[in-house]
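Student: Take a look at this one; I'll ask things after.
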Amino acid sequence: MPAPCSLPLPLALLSVWAICCSASELPPDTPKIQLRLAGVKRKHSEGRVEVYYNGEWGTVCDDDFSIHAAHVVCRELGFLEAKSWSPSSKYGRGEGRIWLDNVHCTGQEASLALCSSNGFGVSDCKHTEDVGVACSEKRIPGFRFLSSLNDNIESLPIQVEDVRIRAILAAQRRRIPVTEGYVEVKDGGKWRQICNEEWTLMNSRVVCGMFGFPGEKRHNPRVYKIYAQRRKISYWGHSVNCTGNEAHLSACRLGNRLPRKGNSSCPQGTPTVVSCIPGRAFAPTPLTGFRKAYRPEQPLVRLRGGAMVGEGRVEVLKNGQWGTICDDNWNIRAASVVCRELGFGSAKEAVAGGRMGQGMGPVHMNEVECSGFEKSITECYFNRDSAGCSHEEDAGVRCTVPAMGFHQRLRLSGGRNPFEGRVEVLAERNGSLVWGTVCSDGWGTLEAMVVCRQLGLGYASHAFQETWYWPGDVTADDVVMSGVRCSGTEMSLSHCLHHGQYLNCPRGGGRFSAGVSCSETAPDLVLNPQVVEHTTYLEDRPMFMLQCAYEENCLSSTANAGRSDSYRRLLRFSSQIHNNGHSDFRPKNGQHSWIWHECHRHFHSMEVFTHYDLLRPNGSKVAEGHKASFCLEDSECDEGINKRYVCANFGQQGISVGCWDTYRHDIDCQWIDVTDVTPGDYILQVIINPNYEVAESDYSNNVMKCRCRYDGYRIWTYNCHIGGSLSSETEDTFPGLLTNQVSYR
């Protein structure tokens, strides 16, 4: 039988394939096989199961395959376990032989070759039945890979535990993130360098991508050559061969083993050095002041709805309007193009099925196919016909981002689980680093969002201004940070506005320290702008019919002096508020603290749920209103989703995922009092959850604006749209829509 590794081998570095187990761990008569995950996949840890046997790659039939067999495959590939398996060629049809059929495993086998089957090559299946697996992303520490080399040398065990870029020059060692240095692999517990004799720029591109950098550049080799001559170098015994469009080094091929000549396996070369180009958000910023003088170019691609930096729903700009991408054929190569375009590294996952939240605009792209070298996702081939695609199929990405070390300067203490606790910050005091608390004055949801993001814990769930029930470290009770004000988009709490070294916290730390709870999911409320545009009208209503609304401050201040027989002119409209997130929208306050309003005879679970404003074209207000959450409930839901929240009989309030709450135009306070407004052109603005009382995955779409023309008798409403749905040039004509700061606290 030919040597199983006579073909170019996949590189065994943090990989999603493996090579056969050690001979000492398997019975001597066990067939020698190799495994890999292939096909059209969205993650490195999933794909079609392929087996290398008898000098040829082949597939496995899905007949009798089970999760136990999937566990065996994943462990043989170096992962802790399997998450699932998929029949019927989910990852595409393979080619060549179908090596295994009717595979039965107990889940304890060390190799797929030890599971019972019909025998190698005995199958009545077609490639439409090729099986695939999805493995856990957690790898077995120190997993042992074996490579049977093609120079007839006995099999050499290669234990590769990690890969890194090690900064060598003093200037590079002081920088975070590390962008230039030796490429090193940890083999057998020791860090070793890679010989640069067969190294290419394509290899550098892949290495930079896997460490969170979008591109690579050339470096000065002379200074590194001098450094190598003065140091003892320990080379790794293999070369690497990448094509450049791999999302991870694990997708590259392991090249030839480097022959040892004299005392070195790299006599004509030096250790491999890579120099990566960081994205704008991670680059050193000595010229920040100058950059602010220039307006950045309008991007064509953006991410929305993700909890972490470098993840979210992919949206593209076309004809001045932002839209989404359908997930048909969406794979990790296309996702990597998006990630690099946005200044991140290669993609960790191509997310499908609207799992990053659903958009509201058009679907601009479908069936995207990329080579991996495109500068923009808009350069890839795609089908403009998105018929049959809905926002339930919106594509997203999770990108590799540089290691900035932000999570090491923050911790949660005293919570019942890792997702909650008192916020403690590592700060410099009197020349030493100490842990301390954050002053809770003004602490809110936006600050909690930054904390959860910095710690990699997902979305904010709640922000707490008292944490006496979370006894943290008593040595960290002192306040080390105060006056914190965040926009909600920062990568680190230290990037938010704060008092610096001059602290001001009247209540002190301890039980009054800031705290947070985080969640892997969050709601996302979006107002349907078409409903507002189609239902707007004016009504003149007598004061004696507005007593309840008057008591709840739904009229302008001039109504205080109005007689009971006078009239108020009301700009009425309906609002339909969708929850496009991944968890239910629930009021911040519990049912015990809801406020009963006798006049309307209902409970308010949120005293201010929306703001209604009429603005001049320059953004100044001419009339305003507010809407308490008379009752948050599921008015209607998408097909297949049952209503969960009903207001009747003091029921639970909220808006379920996939449902919407409708406030009809004919109910009290569903208006703006425009009695004192003169004829002219205006902007109608609606802001949902304006005080950020409830955490959401995306606040930028909580604003809706419309153009209005009022002639003193009638009103026309047009061009209604949610915040951020149009290009920046168009948004410039609608003040206040360019950021998620929709109100001041």
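Identifiers in the structure tokens: chain A, B, ... in order shown; residue index from 1 per chain; ligand index from 1 in order shown.
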Name the residues in contact with segment 352-354 of chain A at a cut-off of 10 Å, using only C-alpha atoms, excluding same-chain residues fewer than 4 positions from it; report them as a ChimeraX atom specification.

Tutor: /A:42,312-313,325-331,358-359,390-397,580-582

Student: Given the selection you just returned, output its residues as a file containing C-alpha atoms, formatted as an mmCIF file, in the first residue's frame.

Tutor:
```
data_model
loop_
_atom_site.group_PDB
_atom_site.id
_atom_site.type_symbol
_atom_site.label_atom_id
_atom_site.label_comp_id
_atom_site.auth_asym_id
_atom_site.auth_seq_id
_atom_site.Cartn_x
_atom_site.Cartn_y
_atom_site.Cartn_z
ATOM 1 C CA ARG A 42 -18.763 28.346 7.095
ATOM 2 C CA GLY A 312 -22.271 41.363 12.836
ATOM 3 C CA ARG A 313 -24.758 41.281 9.985
ATOM 4 C CA ILE A 325 -26.694 39.824 1.718
ATOM 5 C CA CYS A 326 -28.622 36.568 1.327
ATOM 6 C CA ASP A 327 -26.815 33.576 2.826
ATOM 7 C CA ASP A 328 -27.179 31.310 -0.238
ATOM 8 C CA ASN A 329 -23.648 29.921 -0.928
ATOM 9 C CA TRP A 330 -22.258 32.167 1.835
ATOM 10 C CA ASN A 331 -18.941 30.672 2.949
ATOM 11 C CA GLN A 358 -32.475 40.710 10.712
ATOM 12 C CA GLY A 359 -32.166 43.820 8.594
ATOM 13 C CA SER A 390 -35.925 37.065 3.184
ATOM 14 C CA HIS A 391 -34.192 38.741 6.100
ATOM 15 C CA GLU A 392 -34.327 35.403 7.898
ATOM 16 C CA GLU A 393 -31.425 34.506 5.563
ATOM 17 C CA ASP A 394 -29.267 37.573 6.225
ATOM 18 C CA ALA A 395 -25.554 36.733 6.132
ATOM 19 C CA GLY A 396 -23.100 37.755 8.834
ATOM 20 C CA VAL A 397 -19.462 37.316 9.810
ATOM 21 C CA ASN A 580 -35.641 41.746 15.123
ATOM 22 C CA GLY A 581 -33.171 40.618 17.778
ATOM 23 C CA HIS A 582 -32.586 37.252 19.428
#
```

Student: For segment 688-698 of chain A, please output as a count of residues only all residues within 9 Å (counting only C-alpha atoms; exclusion window: fewer than 3 positions along the same chain).

Tutor: 43

Student: Atom CA of Lys90 of chain A and atom CA of Arg355 of chain A, how far apart in Å?

Tutor: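 Interatomic distance, atom CA of Arg355 of chain A to atom CA of Lys90 of chain A: 18.9 Å.
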
Student: Mind listing the alpha helix (DSSP H) residues of segment 325-389 of chain A, per DSSP on the backbone, as a PyMOL selection string?

Tutor: chain A and resi 332-341

Student: Could you turn the residues from that selection into a file that holds C-alpha atoms, as a JSON list (two decimals), in the first residue's frame?

Tutor:
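The resulting part32.json:
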```
[["chain", "number", "residue", "atom", "x", "y", "z"],
["A", 332, "ILE", "CA", -15.80, 31.46, 4.88],
["A", 333, "ARG", "CA", -13.93, 32.71, 1.81],
["A", 334, "ALA", "CA", -16.53, 35.40, 1.11],
["A", 335, "ALA", "CA", -16.67, 36.23, 4.81],
["A", 336, "SER", "CA", -12.88, 36.73, 4.84],
["A", 337, "VAL", "CA", -13.15, 39.24, 2.00],
["A", 338, "VAL", "CA", -15.62, 41.24, 4.12],
["A", 339, "CYS", "CA", -13.40, 41.02, 7.20],
["A", 340, "ARG", "CA", -10.26, 42.20, 5.41],
["A", 341, "GLU", "CA", -12.19, 45.00, 3.69]]
```

Student: Of the candidates A:Gly500, A:Pro214, A:Gly58, A:Gly509, which one gets nearest to Leu35 of chain A if we count only C-alpha atoms?

Tutor: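 Smallest distance to Leu35 of chain A is found for A:Gly58.
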
Student: Would you list, as a PDB file with N, CA, C and O atoms, in the first residue's frame, the residues of segment 60-195 of chain A that end up in strand (DSSP E) under DSSP run on this structure's backbone?

Tutor:
```pdb
ATOM      1  N   VAL A  60     -17.290   9.562   3.224  1.00  0.00           N
ATOM      2  CA  VAL A  60     -17.978   8.622   4.107  1.00  0.00           C
ATOM      3  C   VAL A  60     -19.473   8.760   3.854  1.00  0.00           C
ATOM      4  O   VAL A  60     -20.004   9.876   3.812  1.00  0.00           O
ATOM      5  N   ALA A  82     -17.802  16.618  19.029  1.00  0.00           N
ATOM      6  CA  ALA A  82     -18.655  17.030  17.911  1.00  0.00           C
ATOM      7  C   ALA A  82     -19.866  17.769  18.445  1.00  0.00           C
ATOM      8  O   ALA A  82     -20.395  17.444  19.507  1.00  0.00           O
ATOM      9  N   LYS A  83     -20.310  18.758  17.697  1.00  0.00           N
ATOM     10  CA  LYS A  83     -21.551  19.458  18.032  1.00  0.00           C
ATOM     11  C   LYS A  83     -22.732  18.846  17.290  1.00  0.00           C
ATOM     12  O   LYS A  83     -23.826  18.770  17.836  1.00  0.00           O
ATOM     13  N   SER A  84     -22.503  18.421  16.042  1.00  0.00           N
ATOM     14  CA  SER A  84     -23.588  17.849  15.249  1.00  0.00           C
ATOM     15  C   SER A  84     -22.990  17.160  14.026  1.00  0.00           C
ATOM     16  O   SER A  84     -21.791  17.273  13.749  1.00  0.00           O
ATOM     17  N   TRP A  85     -23.841  16.448  13.306  1.00  0.00           N
ATOM     18  CA  TRP A  85     -23.424  15.874  12.027  1.00  0.00           C
ATOM     19  C   TRP A  85     -24.544  16.084  11.023  1.00  0.00           C
ATOM     20  O   TRP A  85     -25.698  16.300  11.402  1.00  0.00           O
ATOM     21  N   SER A  86     -24.217  16.064   9.740  1.00  0.00           N
ATOM     22  CA  SER A  86     -25.183  16.410   8.689  1.00  0.00           C
ATOM     23  C   SER A  86     -25.146  15.381   7.572  1.00  0.00           C
ATOM     24  O   SER A  86     -24.070  15.079   7.038  1.00  0.00           O
ATOM     25  N   ARG A  97     -13.617   7.916  -4.499  1.00  0.00           N
ATOM     26  CA  ARG A  97     -14.195   6.759  -3.830  1.00  0.00           C
ATOM     27  C   ARG A  97     -15.038   7.177  -2.621  1.00  0.00           C
ATOM     28  O   ARG A  97     -14.811   8.200  -1.998  1.00  0.00           O
ATOM     29  N   ILE A  98     -16.019   6.345  -2.286  1.00  0.00           N
ATOM     30  CA  ILE A  98     -16.713   6.447  -0.998  1.00  0.00           C
ATOM     31  C   ILE A  98     -16.133   5.330  -0.147  1.00  0.00           C
ATOM     32  O   ILE A  98     -16.478   4.149  -0.296  1.00  0.00           O
ATOM     33  N   TRP A  99     -15.209   5.687   0.737  1.00  0.00           N
ATOM     34  CA  TRP A  99     -14.418   4.673   1.422  1.00  0.00           C
ATOM     35  C   TRP A  99     -15.213   3.907   2.477  1.00  0.00           C
ATOM     36  O   TRP A  99     -15.017   2.708   2.653  1.00  0.00           O
ATOM     37  N   LEU A 100     -16.098   4.584   3.203  1.00  0.00           N
ATOM     38  CA  LEU A 100     -16.758   3.925   4.327  1.00  0.00           C
ATOM     39  C   LEU A 100     -18.275   4.073   4.225  1.00  0.00           C
ATOM     40  O   LEU A 100     -18.793   5.129   3.861  1.00  0.00           O
ATOM     41  N   GLY A 132     -21.225  14.974   6.755  1.00  0.00           N
ATOM     42  CA  GLY A 132     -20.401  16.065   7.261  1.00  0.00           C
ATOM     43  C   GLY A 132     -20.533  16.171   8.766  1.00  0.00           C
ATOM     44  O   GLY A 132     -21.485  15.646   9.366  1.00  0.00           O
ATOM     45  N   VAL A 133     -19.589  16.846   9.407  1.00  0.00           N
ATOM     46  CA  VAL A 133     -19.637  17.041  10.856  1.00  0.00           C
ATOM     47  C   VAL A 133     -19.327  18.496  11.182  1.00  0.00           C
ATOM     48  O   VAL A 133     -18.655  19.194  10.414  1.00  0.00           O
ATOM     49  N   ALA A 134     -19.831  18.917  12.321  1.00  0.00           N
ATOM     50  CA  ALA A 134     -19.489  20.224  12.887  1.00  0.00           C
ATOM     51  C   ALA A 134     -18.896  19.977  14.262  1.00  0.00           C
ATOM     52  O   ALA A 134     -19.566  19.442  15.151  1.00  0.00           O
ATOM     53  N   CYS A 135     -17.624  20.309  14.428  1.00  0.00           N
ATOM     54  CA  CYS A 135     -16.911  20.041  15.679  1.00  0.00           C
ATOM     55  C   CYS A 135     -16.902  21.274  16.570  1.00  0.00           C
ATOM     56  O   CYS A 135     -17.056  22.408  16.107  1.00  0.00           O
ATOM     57  N   ARG A 144      -1.513  15.617  19.310  1.00  0.00           N
ATOM     58  CA  ARG A 144      -0.352  15.038  18.640  1.00  0.00           C
ATOM     59  C   ARG A 144      -0.671  14.690  17.199  1.00  0.00           C
ATOM     60  O   ARG A 144      -1.553  13.892  16.926  1.00  0.00           O
ATOM     61  N   PHE A 145       0.038  15.304  16.289  1.00  0.00           N
ATOM     62  CA  PHE A 145      -0.137  15.029  14.866  1.00  0.00           C
ATOM     63  C   PHE A 145       1.027  14.176  14.372  1.00  0.00           C
ATOM     64  O   PHE A 145       2.166  14.349  14.788  1.00  0.00           O
ATOM     65  N   LEU A 146       0.739  13.257  13.476  1.00  0.00           N
ATOM     66  CA  LEU A 146       1.793  12.441  12.883  1.00  0.00           C
ATOM     67  C   LEU A 146       1.846  12.687  11.389  1.00  0.00           C
ATOM     68  O   LEU A 146       0.827  12.778  10.728  1.00  0.00           O
ATOM     69  N   SER A 147       3.038  12.775  10.877  1.00  0.00           N
ATOM     70  CA  SER A 147       3.213  12.959   9.444  1.00  0.00           C
ATOM     71  C   SER A 147       4.119  11.860   8.911  1.00  0.00           C
ATOM     72  O   SER A 147       5.267  11.750   9.311  1.00  0.00           O
ATOM     73  N   LEU A 156       7.447  10.666  11.945  1.00  0.00           N
ATOM     74  CA  LEU A 156       7.954  11.589  12.945  1.00  0.00           C
ATOM     75  C   LEU A 156       6.792  12.246  13.681  1.00  0.00           C
ATOM     76  O   LEU A 156       5.955  12.879  13.064  1.00  0.00           O
ATOM     77  N   PRO A 157       6.699  12.105  15.001  1.00  0.00           N
ATOM     78  CA  PRO A 157       5.613  12.779  15.723  1.00  0.00           C
ATOM     79  C   PRO A 157       5.868  14.286  15.804  1.00  0.00           C
ATOM     80  O   PRO A 157       6.937  14.715  16.207  1.00  0.00           O
ATOM     81  N   ILE A 158       4.908  15.067  15.400  1.00  0.00           N
ATOM     82  CA  ILE A 158       5.023  16.525  15.440  1.00  0.00           C
ATOM     83  C   ILE A 158       3.941  17.054  16.363  1.00  0.00           C
ATOM     84  O   ILE A 158       2.763  16.973  16.044  1.00  0.00           O
ATOM     85  N   GLN A 159       4.329  17.577  17.494  1.00  0.00           N
ATOM     86  CA  GLN A 159       3.355  18.127  18.426  1.00  0.00           C
ATOM     87  C   GLN A 159       3.412  19.644  18.331  1.00  0.00           C
ATOM     88  O   GLN A 159       4.318  20.288  18.827  1.00  0.00           O
ATOM     89  N   VAL A 160       2.429  20.237  17.661  1.00  0.00           N
ATOM     90  CA  VAL A 160       2.380  21.682  17.475  1.00  0.00           C
ATOM     91  C   VAL A 160       1.287  22.231  18.368  1.00  0.00           C
ATOM     92  O   VAL A 160       0.119  21.908  18.207  1.00  0.00           O
ATOM     93  N   GLU A 161       1.649  23.044  19.323  1.00  0.00           N
ATOM     94  CA  GLU A 161       0.700  23.517  20.325  1.00  0.00           C
ATOM     95  C   GLU A 161       0.197  24.924  20.063  1.00  0.00           C
ATOM     96  O   GLU A 161      -0.883  25.286  20.512  1.00  0.00           O
ATOM     97  N   ASP A 162       0.977  25.724  19.366  1.00  0.00           N
ATOM     98  CA  ASP A 162       0.574  27.116  19.191  1.00  0.00           C
ATOM     99  C   ASP A 162       1.387  27.748  18.069  1.00  0.00           C
ATOM    100  O   ASP A 162       2.398  27.204  17.619  1.00  0.00           O
ATOM    101  N   VAL A 163       0.929  28.895  17.620  1.00  0.00           N
ATOM    102  CA  VAL A 163       1.625  29.704  16.620  1.00  0.00           C
ATOM    103  C   VAL A 163       1.607  31.141  17.113  1.00  0.00           C
ATOM    104  O   VAL A 163       0.637  31.576  17.739  1.00  0.00           O
ATOM    105  N   ARG A 164       2.672  31.883  16.867  1.00  0.00           N
ATOM    106  CA  ARG A 164       2.697  33.277  17.314  1.00  0.00           C
ATOM    107  C   ARG A 164       3.583  34.120  16.406  1.00  0.00           C
ATOM    108  O   ARG A 164       4.384  33.602  15.621  1.00  0.00           O
ATOM    109  N   ILE A 165       3.382  35.434  16.494  1.00  0.00           N
ATOM    110  CA  ILE A 165       4.314  36.402  15.924  1.00  0.00           C
ATOM    111  C   ILE A 165       5.062  37.006  17.105  1.00  0.00           C
ATOM    112  O   ILE A 165       4.460  37.652  17.965  1.00  0.00           O
ATOM    113  N   ARG A 166       6.367  36.793  17.171  1.00  0.00           N
ATOM    114  CA  ARG A 166       7.163  37.311  18.302  1.00  0.00           C
ATOM    115  C   ARG A 166       7.941  38.539  17.869  1.00  0.00           C
ATOM    116  O   ARG A 166       8.754  38.483  16.943  1.00  0.00           O
ATOM    117  N   GLU A 180       4.798  42.862  13.778  1.00  0.00           N
ATOM    118  CA  GLU A 180       5.989  42.415  13.031  1.00  0.00           C
ATOM    119  C   GLU A 180       6.889  41.588  13.930  1.00  0.00           C
ATOM    120  O   GLU A 180       7.050  41.892  15.115  1.00  0.00           O
ATOM    121  N   GLY A 181       7.439  40.529  13.363  1.00  0.00           N
ATOM    122  CA  GLY A 181       8.358  39.695  14.118  1.00  0.00           C
ATOM    123  C   GLY A 181       8.505  38.315  13.516  1.00  0.00           C
ATOM    124  O   GLY A 181       8.039  38.038  12.400  1.00  0.00           O
ATOM    125  N   TYR A 182       9.178  37.443  14.259  1.00  0.00           N
ATOM    126  CA  TYR A 182       9.371  36.060  13.826  1.00  0.00           C
ATOM    127  C   TYR A 182       8.040  35.308  13.857  1.00  0.00           C
ATOM    128  O   TYR A 182       7.243  35.476  14.776  1.00  0.00           O
ATOM    129  N   VAL A 183       7.833  34.452  12.863  1.00  0.00           N
ATOM    130  CA  VAL A 183       6.740  33.483  12.919  1.00  0.00           C
ATOM    131  C   VAL A 183       7.278  32.247  13.622  1.00  0.00           C
ATOM    132  O   VAL A 183       8.252  31.646  13.161  1.00  0.00           O
ATOM    133  N   GLU A 184       6.665  31.872  14.737  1.00  0.00           N
ATOM    134  CA  GLU A 184       7.163  30.747  15.517  1.00  0.00           C
ATOM    135  C   GLU A 184       6.050  29.754  15.798  1.00  0.00           C
ATOM    136  O   GLU A 184       4.883  30.141  15.965  1.00  0.00           O
ATOM    137  N   VAL A 185       6.421  28.488  15.839  1.00  0.00           N
ATOM    138  CA  VAL A 185       5.481  27.439  16.208  1.00  0.00           C
ATOM    139  C   VAL A 185       5.995  26.769  17.477  1.00  0.00           C
ATOM    140  O   VAL A 185       7.203  26.639  17.686  1.00  0.00           O
ATOM    141  N   LYS A 186       5.058  26.382  18.321  1.00  0.00           N
ATOM    142  CA  LYS A 186       5.425  25.683  19.545  1.00  0.00           C
ATOM    143  C   LYS A 186       5.345  24.198  19.279  1.00  0.00           C
ATOM    144  O   LYS A 186       4.270  23.645  19.059  1.00  0.00           O
ATOM    145  N   ASP A 187       6.483  23.556  19.281  1.00  0.00           N
ATOM    146  CA  ASP A 187       6.587  22.146  18.904  1.00  0.00           C
ATOM    147  C   ASP A 187       7.294  21.402  20.034  1.00  0.00           C
ATOM    148  O   ASP A 187       8.446  21.699  20.354  1.00  0.00           O
ATOM    149  N   LYS A 190       8.567  23.670  22.909  1.00  0.00           N
ATOM    150  CA  LYS A 190       9.573  24.690  22.612  1.00  0.00           C
ATOM    151  C   LYS A 190       9.138  25.527  21.411  1.00  0.00           C
ATOM    152  O   LYS A 190       8.583  24.998  20.449  1.00  0.00           O
ATOM    153  N   TRP A 191       9.418  26.811  21.504  1.00  0.00           N
ATOM    154  CA  TRP A 191       9.120  27.698  20.373  1.00  0.00           C
ATOM    155  C   TRP A 191      10.241  27.598  19.344  1.00  0.00           C
ATOM    156  O   TRP A 191      11.415  27.710  19.683  1.00  0.00           O
ATOM    157  N   ARG A 192       9.849  27.391  18.102  1.00  0.00           N
ATOM    158  CA  ARG A 192      10.825  27.228  17.022  1.00  0.00           C
ATOM    159  C   ARG A 192      10.481  28.164  15.867  1.00  0.00           C
ATOM    160  O   ARG A 192       9.315  28.448  15.613  1.00  0.00           O
ATOM    161  N   GLN A 193      11.540  28.604  15.182  1.00  0.00           N
ATOM    162  CA  GLN A 193      11.357  29.496  14.048  1.00  0.00           C
ATOM    163  C   GLN A 193      11.175  28.693  12.763  1.00  0.00           C
ATOM    164  O   GLN A 193      11.520  27.513  12.692  1.00  0.00           O
TER     165      GLN A 193
END
```

Student: Find the residues near Val451 of chain A: any atom within 12 Å, counting only C-alpha atoms, skip ones fewer than 3 places away on the same chain, and give them as a PyMOL selection string.

Tutor: chain A and resi 307-308+406-412+419-425+438+443-448+454-463+484+486+488-496+514-519

Student: Between atom CA of Pro177 of chain A and atom CA of Ser482 of chain A, what is the distance, to one decimal in Å?

Tutor: 27.2 Å

Student: Mind checking which residues fall within 9 Å of Arg384 of chain A, counting only C-alpha atoms, ignoring those fewer than 6 positions away in the same chain, and posting them as a PDB file with N, CA, C and O atoms, in the first residue's frame?

Tutor:
```
ATOM      1  N   VAL A 363     -32.608  43.347   0.112  1.00  0.00           N
ATOM      2  CA  VAL A 363     -31.532  42.348   0.019  1.00  0.00           C
ATOM      3  C   VAL A 363     -30.788  42.641  -1.281  1.00  0.00           C
ATOM      4  O   VAL A 363     -31.308  42.422  -2.366  1.00  0.00           O
ATOM      5  N   HIS A 364     -29.562  43.150  -1.172  1.00  0.00           N
ATOM      6  CA  HIS A 364     -28.837  43.631  -2.345  1.00  0.00           C
ATOM      7  C   HIS A 364     -28.082  42.531  -3.093  1.00  0.00           C
ATOM      8  O   HIS A 364     -27.883  42.633  -4.304  1.00  0.00           O
ATOM      9  N   MET A 365     -27.610  41.501  -2.385  1.00  0.00           N
ATOM     10  CA  MET A 365     -26.735  40.503  -3.013  1.00  0.00           C
ATOM     11  C   MET A 365     -27.192  39.098  -2.644  1.00  0.00           C
ATOM     12  O   MET A 365     -27.656  38.854  -1.526  1.00  0.00           O
ATOM     13  N   ASN A 366     -27.011  38.175  -3.576  1.00  0.00           N
ATOM     14  CA  ASN A 366     -27.401  36.785  -3.374  1.00  0.00           C
ATOM     15  C   ASN A 366     -26.382  35.897  -4.074  1.00  0.00           C
ATOM     16  O   ASN A 366     -25.775  36.294  -5.071  1.00  0.00           O
ATOM     17  N   GLU A 367     -26.189  34.688  -3.558  1.00  0.00           N
ATOM     18  CA  GLU A 367     -25.295  33.698  -4.163  1.00  0.00           C
ATOM     19  C   GLU A 367     -23.916  34.294  -4.452  1.00  0.00           C
ATOM     20  O   GLU A 367     -23.399  34.241  -5.561  1.00  0.00           O
TER      21      GLU A 367
END
```

Student: Within 9 Å of Leu114 of chain A, counting only C-alpha atoms, which residues qualify if same-chain residues fewer than 2 places away don't, as a list in words?

Tutor: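 Those residues are Leu26, Thr30, Pro31, Cys105, Glu109, Ala110, Ser111, Leu112 and Ser116 of chain A.
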
Student: Keeping N, CA, C and O atoms, export the residues of the selection given above as an mmCIF file, in the first residue's frame.

Tutor:
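Result went into part30.cif, see below:
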```cif
data_model
loop_
_atom_site.group_PDB
_atom_site.id
_atom_site.type_symbol
_atom_site.label_atom_id
_atom_site.label_comp_id
_atom_site.auth_asym_id
_atom_site.auth_seq_id
_atom_site.Cartn_x
_atom_site.Cartn_y
_atom_site.Cartn_z
ATOM 1 N N LEU A 26 -2.690 2.693 18.771
ATOM 2 C CA LEU A 26 -3.619 1.895 17.987
ATOM 3 C C LEU A 26 -3.115 0.465 17.852
ATOM 4 O O LEU A 26 -1.902 0.220 17.862
ATOM 5 N N THR A 30 -4.403 -1.878 12.636
ATOM 6 C CA THR A 30 -5.363 -0.823 12.287
ATOM 7 C C THR A 30 -4.989 -0.196 10.943
ATOM 8 O O THR A 30 -3.843 0.198 10.746
ATOM 9 N N PRO A 31 -5.937 -0.111 10.015
ATOM 10 C CA PRO A 31 -5.641 0.557 8.733
ATOM 11 C C PRO A 31 -5.187 1.989 8.967
ATOM 12 O O PRO A 31 -5.746 2.710 9.802
ATOM 13 N N CYS A 105 -20.031 3.412 15.446
ATOM 14 C CA CYS A 105 -19.038 3.726 16.472
ATOM 15 C C CYS A 105 -19.716 3.778 17.838
ATOM 16 O O CYS A 105 -20.897 4.120 17.947
ATOM 17 N N GLU A 109 -13.788 5.054 20.317
ATOM 18 C CA GLU A 109 -12.685 4.635 19.455
ATOM 19 C C GLU A 109 -11.654 5.755 19.277
ATOM 20 O O GLU A 109 -11.996 6.941 19.270
ATOM 21 N N ALA A 110 -10.395 5.372 19.131
ATOM 22 C CA ALA A 110 -9.307 6.338 18.921
ATOM 23 C C ALA A 110 -9.186 6.746 17.463
ATOM 24 O O ALA A 110 -8.518 7.736 17.156
ATOM 25 N N SER A 111 -9.806 5.995 16.568
ATOM 26 C CA SER A 111 -9.732 6.316 15.142
ATOM 27 C C SER A 111 -10.995 5.825 14.464
ATOM 28 O O SER A 111 -11.601 4.825 14.880
ATOM 29 N N LEU A 112 -11.403 6.533 13.403
ATOM 30 C CA LEU A 112 -12.561 6.105 12.633
ATOM 31 C C LEU A 112 -12.309 4.732 12.014
ATOM 32 O O LEU A 112 -13.255 3.971 11.760
ATOM 33 N N SER A 116 -16.775 -0.203 13.290
ATOM 34 C CA SER A 116 -17.222 -1.233 12.353
ATOM 35 C C SER A 116 -17.883 -0.589 11.137
ATOM 36 O O SER A 116 -18.529 0.454 11.235
#
```

Student: Go through A:Tyr567, A:Glu633, A:Gly651, A:Gly658 one by one, measure the shortest atom-to-atom distance of each to Asn579 of chain A using only C-alpha atoms, and give the residue with the smallest value.

Tutor: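 For Asn579 of chain A, the nearest of the given residues is A:Gly658.
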